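*Asks:* Structure file work.cif, mmCIF, C-alpha atoms and all ligand atoms, is pasted below:
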data_entry
loop_
_atom_site.label_atom_id
_atom_site.label_comp_id
_atom_site.auth_asym_id
_atom_site.auth_seq_id
_atom_site.Cartn_x
_atom_site.Cartn_y
_atom_site.Cartn_z
CA MET A 1 -30.32 17.42 -209.54
CA GLU A 2 -32.66 15.56 -207.29
CA ILE A 3 -32.44 11.76 -207.29
CA LYS A 4 -36.00 10.49 -207.25
CA SER A 5 -35.27 6.89 -208.08
CA ALA A 6 -32.25 4.63 -208.57
CA GLU A 7 -32.67 1.00 -209.58
CA PHE A 8 -30.46 -1.84 -210.66
CA VAL A 9 -31.30 -2.90 -214.22
CA ILE A 10 -28.89 -5.55 -215.49
CA SER A 11 -25.35 -6.95 -215.31
CA ASN A 12 -23.58 -8.04 -218.48
CA SER A 13 -20.35 -9.44 -219.74
CA LEU A 14 -21.19 -8.35 -223.28
CA VAL A 15 -21.68 -4.79 -224.48
CA GLY A 16 -24.18 -6.13 -227.06
CA LYS A 17 -26.50 -7.18 -224.25
CA CYS A 18 -26.64 -3.79 -222.51
CA PRO A 19 -29.99 -1.95 -222.40
CA THR A 20 -31.33 -0.83 -225.76
CA THR A 21 -33.39 2.06 -224.42
CA ASN A 22 -31.09 4.70 -225.93
CA LEU A 23 -30.86 6.73 -222.73
CA PRO A 24 -27.64 8.62 -221.96
CA GLU A 25 -25.24 6.87 -219.63
CA TYR A 26 -22.31 7.84 -217.43
CA ALA A 27 -19.75 5.17 -216.69
CA PHE A 28 -17.16 4.85 -213.93
CA ILE A 29 -13.76 3.31 -214.46
CA GLY A 30 -10.43 3.23 -212.63
CA ARG A 31 -8.15 0.91 -210.74
CA SER A 32 -9.69 -1.78 -208.59
CA ASN A 33 -10.61 -0.49 -205.13
CA VAL A 34 -10.44 3.19 -206.15
CA GLY A 35 -14.07 3.62 -205.11
CA LYS A 36 -16.21 3.35 -208.27
CA SER A 37 -19.08 1.38 -206.76
CA SER A 38 -19.04 3.47 -203.57
CA LEU A 39 -19.27 6.66 -205.61
CA ILE A 40 -22.25 5.34 -207.56
CA ASN A 41 -23.98 4.54 -204.27
CA MET A 42 -23.18 7.98 -202.90
CA LEU A 43 -24.60 9.69 -206.00
CA ALA A 44 -27.70 7.50 -205.93
CA ASN A 45 -28.25 7.88 -202.18
CA ASN A 46 -28.33 4.12 -201.74
CA LYS A 47 -25.48 2.29 -200.04
CA LYS A 48 -26.73 -1.07 -201.26
CA LEU A 49 -27.18 -0.31 -204.94
CA ALA A 50 -23.73 -1.25 -206.29
CA LYS A 51 -21.71 -3.94 -204.53
CA THR A 52 -18.61 -2.59 -202.80
CA SER A 53 -15.77 -4.36 -201.04
CA ALA A 54 -12.62 -3.64 -199.09
CA THR A 55 -10.85 -6.23 -201.25
CA PRO A 56 -10.14 -5.23 -204.85
CA GLY A 57 -11.75 -6.98 -207.80
CA LYS A 58 -15.36 -6.88 -206.60
CA THR A 59 -17.05 -5.61 -209.76
CA LEU A 60 -16.57 -7.98 -212.71
CA LEU A 61 -19.40 -7.08 -215.05
CA ILE A 62 -20.96 -4.04 -216.74
CA ASN A 63 -23.70 -2.93 -214.33
CA HIS A 64 -26.50 -0.59 -215.36
CA PHE A 65 -28.46 1.44 -212.81
CA ILE A 66 -31.30 3.63 -214.01
CA ILE A 67 -31.68 7.03 -212.38
CA ASN A 68 -34.98 8.96 -212.37
CA ASN A 69 -36.03 6.69 -215.26
CA GLU A 70 -34.04 9.04 -217.47
CA TRP A 71 -30.38 8.11 -217.52
CA TYR A 72 -27.97 5.40 -216.41
CA LEU A 73 -25.04 5.18 -214.07
CA VAL A 74 -22.74 2.35 -215.20
CA ASP A 75 -20.40 0.54 -212.84
CA LEU A 76 -17.47 -1.12 -214.59
CA PRO A 77 -14.83 -3.56 -213.34
CA GLY A 78 -11.57 -2.04 -212.20
CA TYR A 79 -8.30 -2.40 -214.04
CA GLY A 80 -4.82 -3.03 -212.70
CA TYR A 81 -5.56 -5.56 -209.97
CA ALA A 82 -2.34 -7.54 -209.54
CA LYS A 83 -3.79 -10.73 -208.14
CA ARG A 84 -5.54 -11.80 -211.31
CA SER A 85 -4.55 -14.48 -213.76
CA LYS A 86 -3.41 -13.39 -217.20
CA SER A 87 -6.55 -14.76 -218.82
CA GLU A 88 -8.78 -12.94 -216.32
CA VAL A 89 -6.92 -9.67 -216.96
CA GLU A 90 -7.33 -10.13 -220.70
CA LYS A 91 -11.01 -10.95 -220.39
CA LEU A 92 -11.67 -7.82 -218.32
CA GLN A 93 -9.59 -5.64 -220.63
CA THR A 94 -11.62 -6.81 -223.60
CA LEU A 95 -14.86 -6.21 -221.72
CA ILE A 96 -13.83 -2.69 -220.69
CA SER A 97 -12.40 -1.62 -224.02
CA SER A 98 -15.29 -2.99 -226.07
CA TYR A 99 -17.74 -1.14 -223.83
CA ILE A 100 -15.80 2.12 -224.07
CA LEU A 101 -15.18 1.96 -227.80
CA ASN A 102 -18.58 0.66 -228.90
CA ARG A 103 -21.19 1.93 -226.49
CA GLU A 104 -22.75 4.91 -228.25
CA GLU A 105 -24.98 5.75 -225.29
CA MET A 106 -21.90 6.40 -223.14
CA THR A 107 -22.05 10.16 -222.88
CA CYS A 108 -19.15 10.59 -220.50
CA LEU A 109 -16.65 8.24 -218.90
CA PHE A 110 -15.44 9.22 -215.46
CA VAL A 111 -11.93 8.03 -214.67
CA LEU A 112 -11.49 7.66 -210.92
CA VAL A 113 -8.10 8.21 -209.33
CA ASP A 114 -7.20 7.98 -205.67
CA SER A 115 -6.59 11.51 -204.39
CA ARG A 116 -3.90 10.24 -201.99
CA LEU A 117 -1.59 8.85 -204.64
CA GLU A 118 1.00 10.25 -207.00
CA PRO A 119 -0.09 10.01 -210.64
CA GLN A 120 0.05 6.29 -211.53
CA LYS A 121 1.43 5.11 -214.83
CA ILE A 122 -1.51 2.79 -215.46
CA ASP A 123 -4.01 5.67 -215.12
CA LEU A 124 -1.99 8.09 -217.23
CA GLU A 125 -1.66 5.48 -219.99
CA PHE A 126 -5.36 4.75 -219.80
CA ILE A 127 -6.19 8.47 -220.06
CA GLU A 128 -3.86 8.77 -223.03
CA TRP A 129 -5.65 5.86 -224.70
CA LEU A 130 -8.99 7.63 -224.17
CA GLY A 131 -7.56 10.71 -225.88
CA GLU A 132 -6.28 8.68 -228.83
CA ASN A 133 -9.74 7.23 -229.27
CA GLY A 134 -11.63 10.49 -228.81
CA ILE A 135 -13.59 9.28 -225.78
CA PRO A 136 -15.28 12.06 -223.76
CA PHE A 137 -14.11 11.79 -220.17
CA GLY A 138 -13.74 13.54 -216.85
CA ILE A 139 -11.51 12.81 -213.88
CA ILE A 140 -12.78 12.10 -210.40
CA PHE A 141 -10.44 12.26 -207.43
CA THR A 142 -11.74 9.84 -204.80
CA LYS A 143 -11.38 9.35 -201.04
CA ALA A 144 -10.83 13.06 -200.35
CA ASP A 145 -11.79 12.44 -196.70
CA LYS A 146 -8.62 10.45 -196.16
CA SER A 147 -6.18 13.37 -196.46
CA LYS A 148 -5.74 16.69 -194.74
CA LEU A 149 -6.98 19.54 -196.88
CA SER A 150 -3.49 20.93 -197.52
CA LYS A 151 -2.20 17.52 -198.63
CA LEU A 152 -5.29 16.96 -200.78
CA LYS A 153 -4.79 20.30 -202.52
CA SER A 154 -1.12 19.70 -203.23
CA ASN A 155 -1.79 16.17 -204.52
CA ILE A 156 -4.44 17.40 -206.89
CA SER A 157 -2.42 20.31 -208.19
CA SER A 158 0.53 18.04 -208.91
CA TYR A 159 -1.82 15.63 -210.69
CA LEU A 160 -3.17 18.44 -212.86
CA LYS A 161 0.36 19.56 -213.60
CA LYS A 162 1.18 16.06 -214.79
CA LEU A 163 -1.92 16.02 -217.00
CA LYS A 164 -0.91 19.34 -218.53
CA GLU A 165 2.18 17.62 -219.91
CA GLN A 166 -0.19 15.49 -221.99
CA TRP A 167 -3.15 17.77 -222.58
CA GLU A 168 -3.40 21.28 -223.92
CA GLU A 169 -6.72 21.68 -222.17
CA LEU A 170 -7.50 19.94 -218.90
CA PRO A 171 -10.49 17.60 -218.77
CA PRO A 172 -13.25 18.46 -216.28
CA TYR A 173 -12.36 17.17 -212.83
CA PHE A 174 -14.14 16.60 -209.53
CA ILE A 175 -12.95 16.08 -205.97
CA THR A 176 -15.08 13.57 -204.12
CA SER A 177 -15.56 11.53 -200.99
CA SER A 178 -18.17 8.79 -200.80
CA GLU A 179 -17.69 8.86 -197.05
CA ASN A 180 -18.79 12.44 -196.47
CA ARG A 181 -20.49 13.13 -199.83
CA THR A 182 -18.03 15.73 -201.05
CA GLY A 183 -18.49 16.58 -204.73
CA ARG A 184 -21.94 15.05 -205.05
CA GLU A 185 -23.73 18.24 -206.12
CA GLU A 186 -21.01 19.21 -208.59
CA LEU A 187 -21.06 15.82 -210.28
CA LEU A 188 -24.84 15.60 -210.45
CA ASN A 189 -25.04 19.13 -211.82
CA TYR A 190 -22.45 18.30 -214.46
CA ILE A 191 -24.47 15.24 -215.51
CA GLU A 192 -27.68 17.27 -215.52
CA GLU A 193 -26.13 19.88 -217.80
CA ILE A 194 -25.06 17.21 -220.29
CA ASN A 195 -28.49 15.56 -220.16
CA LYS A 196 -30.11 18.94 -220.87
CA SER A 197 -27.78 19.62 -223.78
CA LEU A 198 -28.74 16.25 -225.29
CA HIS A 199 -32.40 17.19 -225.24
CA GLY A 200 -31.35 20.14 -227.38
P1 LIG A 301 -13.66 -2.86 -207.71
O1 LIG A 301 -15.10 -3.12 -207.94
O2 LIG A 301 -13.00 -3.97 -206.98
O3 LIG A 301 -12.92 -2.46 -208.94
O4 LIG A 301 -13.52 -1.62 -206.66
P2 LIG A 301 -14.29 -0.22 -206.63
O5 LIG A 301 -13.50 0.79 -207.37
O6 LIG A 301 -15.71 -0.38 -207.02
O7 LIG A 301 -14.18 0.18 -205.09
P3 LIG A 301 -15.32 0.13 -203.95
O8 LIG A 301 -16.34 1.18 -204.18
O9 LIG A 301 -15.76 -1.27 -203.77
O10 LIG A 301 -14.46 0.63 -202.67
C1 LIG A 301 -13.28 0.00 -202.27
C2 LIG A 301 -13.00 0.32 -200.80
O11 LIG A 301 -12.73 1.72 -200.63
C3 LIG A 301 -14.19 0.02 -199.88
O12 LIG A 301 -13.68 -0.50 -198.68
C4 LIG A 301 -14.84 1.40 -199.66
O13 LIG A 301 -15.50 1.50 -198.43
C5 LIG A 301 -13.62 2.31 -199.69
N1 LIG A 301 -13.97 3.66 -200.15
C6 LIG A 301 -14.53 3.98 -201.35
N2 LIG A 301 -14.73 5.31 -201.46
C7 LIG A 301 -14.29 5.86 -200.32
C8 LIG A 301 -14.22 7.22 -199.82
O14 LIG A 301 -14.60 8.20 -200.46
N3 LIG A 301 -13.68 7.39 -198.58
C9 LIG A 301 -13.23 6.35 -197.83
N4 LIG A 301 -12.70 6.63 -196.64
N5 LIG A 301 -13.28 5.07 -198.25
C10 LIG A 301 -13.80 4.82 -199.48
MG MG A 302 -16.71 -1.97 -207.82
#
Please rewrite the model in this file as structure tokens.
*Replies:*
Amino acid sequence: MEIKSAEFVISNSLVGKCPTTNLPEYAFIGRSNVGKSSLINMLANNKKLAKTSATPGKTLLINHFIINNEWYLVDLPGYGYAKRSKSEVEKLQTLISSYILNREEMTCLFVLVDSRLEPQKIDLEFIEWLGENGIPFGIIFTKADKSKLSKLKSNISSYLKKLKEQWEELPPYFITSSENRTGREELLNYIEEINKSLHG
């Protein structure tokens, strides 16, 4: 899919205030610093679209970006950032879960996991929660540029093995790097296919 336009629309702390245009949207979630905002920028071909930061906890709101005037990319705050107060953690958890459970326009949620790490409990529990609630999701392995290919491959196969303990059928997954644009075509094609299927 060709990206003809990508524009910031609105930031919200309430799912009820998100755009009411009824266009399909694709949201990005995962631990703080995993690379959600960077991936959105890489997909949109605009490094300044979503705010990124080397320190975790940058994104704190639901951010809508409209692509080709047809669909949205949605940047969400990260979960699992240790240096947050209990009330902040609770506030973000409520924000994230109310968006995920109530936002009908959310066509697919992409869960980002760092391709360098062993499967993390917090991600596996989150994925399990998505399953319990029947949320359509895919998995995106990020920062693929940071490992040697052999290490990357073995990390991903052990992650998939872990998922198979939970899931009869594996969710769709993508291997990406925002640094060198790995996985961009695959992800955009996947989104395009879903968009087409919605037009019936
Ligand atoms: P929060 O908004 O805090 O939840 O973080 P986030 O998930 O949006 O992460 P963000 O995109 O801000 O990236 C965090 C850090 O990782 C930044 O320093 C990015 O430059 C870096 N980063 C993100 N993606 C990649 C990647 O594919 N490769 C490399 N090498 N670095 C990356
Ligand atoms: Mg972010």
*Asks:* Need the shell around Gly57 in chain A: protein/DNA/RNA residues with any atom at most 7 Å away, counting only C-alpha atoms. Skip same-chain ones fewer than 2 positions apart. Format as a PyMOL selection string?
*Replies:* chain A and resi 32+55+59-60+78+81
*Asks:* Can you pull out every residue with an atom within 6 Å of ligand LIG 301 (chain A)? Use all atoms listed in the file and format it as a list in words.
*Replies:*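 Protein and nucleic-acid residues within 6 Å of ligand LIG 301 (chain A): Ser32, Asn33, Val34, Gly35, Lys36, Ser37, Ser38, Thr52, Ser53, Ala54, Pro56, Gly57, Lys58, Thr59, Pro77, Gly78, Thr142, Lys143, Asp145, Lys146, Ser177, Ser178 and Glu179 of chain A.
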*Asks:* Generate the output file for the selected residues, C-alpha atoms, as a CSV table (one decimal), keeping the file's coordinate frame.
*Replies:*
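Once everything was written out, this is selection-v4.csv:
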chain,number,residue,atom,x,y,z
A,32,SER,CA,-9.7,-1.8,-208.6
A,33,ASN,CA,-10.6,-0.5,-205.1
A,34,VAL,CA,-10.4,3.2,-206.2
A,35,GLY,CA,-14.1,3.6,-205.1
A,36,LYS,CA,-16.2,3.4,-208.3
A,37,SER,CA,-19.1,1.4,-206.8
A,38,SER,CA,-19.0,3.5,-203.6
A,52,THR,CA,-18.6,-2.6,-202.8
A,53,SER,CA,-15.8,-4.4,-201.0
A,54,ALA,CA,-12.6,-3.6,-199.1
A,56,PRO,CA,-10.1,-5.2,-204.8
A,57,GLY,CA,-11.8,-7.0,-207.8
A,58,LYS,CA,-15.4,-6.9,-206.6
A,59,THR,CA,-17.0,-5.6,-209.8
A,77,PRO,CA,-14.8,-3.6,-213.3
A,78,GLY,CA,-11.6,-2.0,-212.2
A,142,THR,CA,-11.7,9.8,-204.8
A,143,LYS,CA,-11.4,9.4,-201.0
A,145,ASP,CA,-11.8,12.4,-196.7
A,146,LYS,CA,-8.6,10.4,-196.2
A,177,SER,CA,-15.6,11.5,-201.0
A,178,SER,CA,-18.2,8.8,-200.8
A,179,GLU,CA,-17.7,8.9,-197.0
*Asks:* Set the distance at 10 Å and use only C-alpha atoms: which residues neighbour Leu188 in chain A once local chain neighbours fewer than 5 positions away are removed? I'd like the list as a PyMOL selection string.
*Replies:* chain A and resi 1-3+43-44+183+193-194
*Asks:* Between A:Leu101, A:Ile62, A:Leu124, A:Leu23, which residue has the minimum interatomic distance to ligand MG 302 (chain A), considering all atoms listed in the file?
*Replies:*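 For ligand MG 302 (chain A), the nearest of the candidates is A:Ile62.
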*Asks:* So how far away is CA of Ile40 in chain A from CA of Tyr173 in chain A, in Å?
*Replies:*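 For CA of Tyr173 in chain A relative to CA of Ile40 in chain A, the distance reads 16.3 Å.
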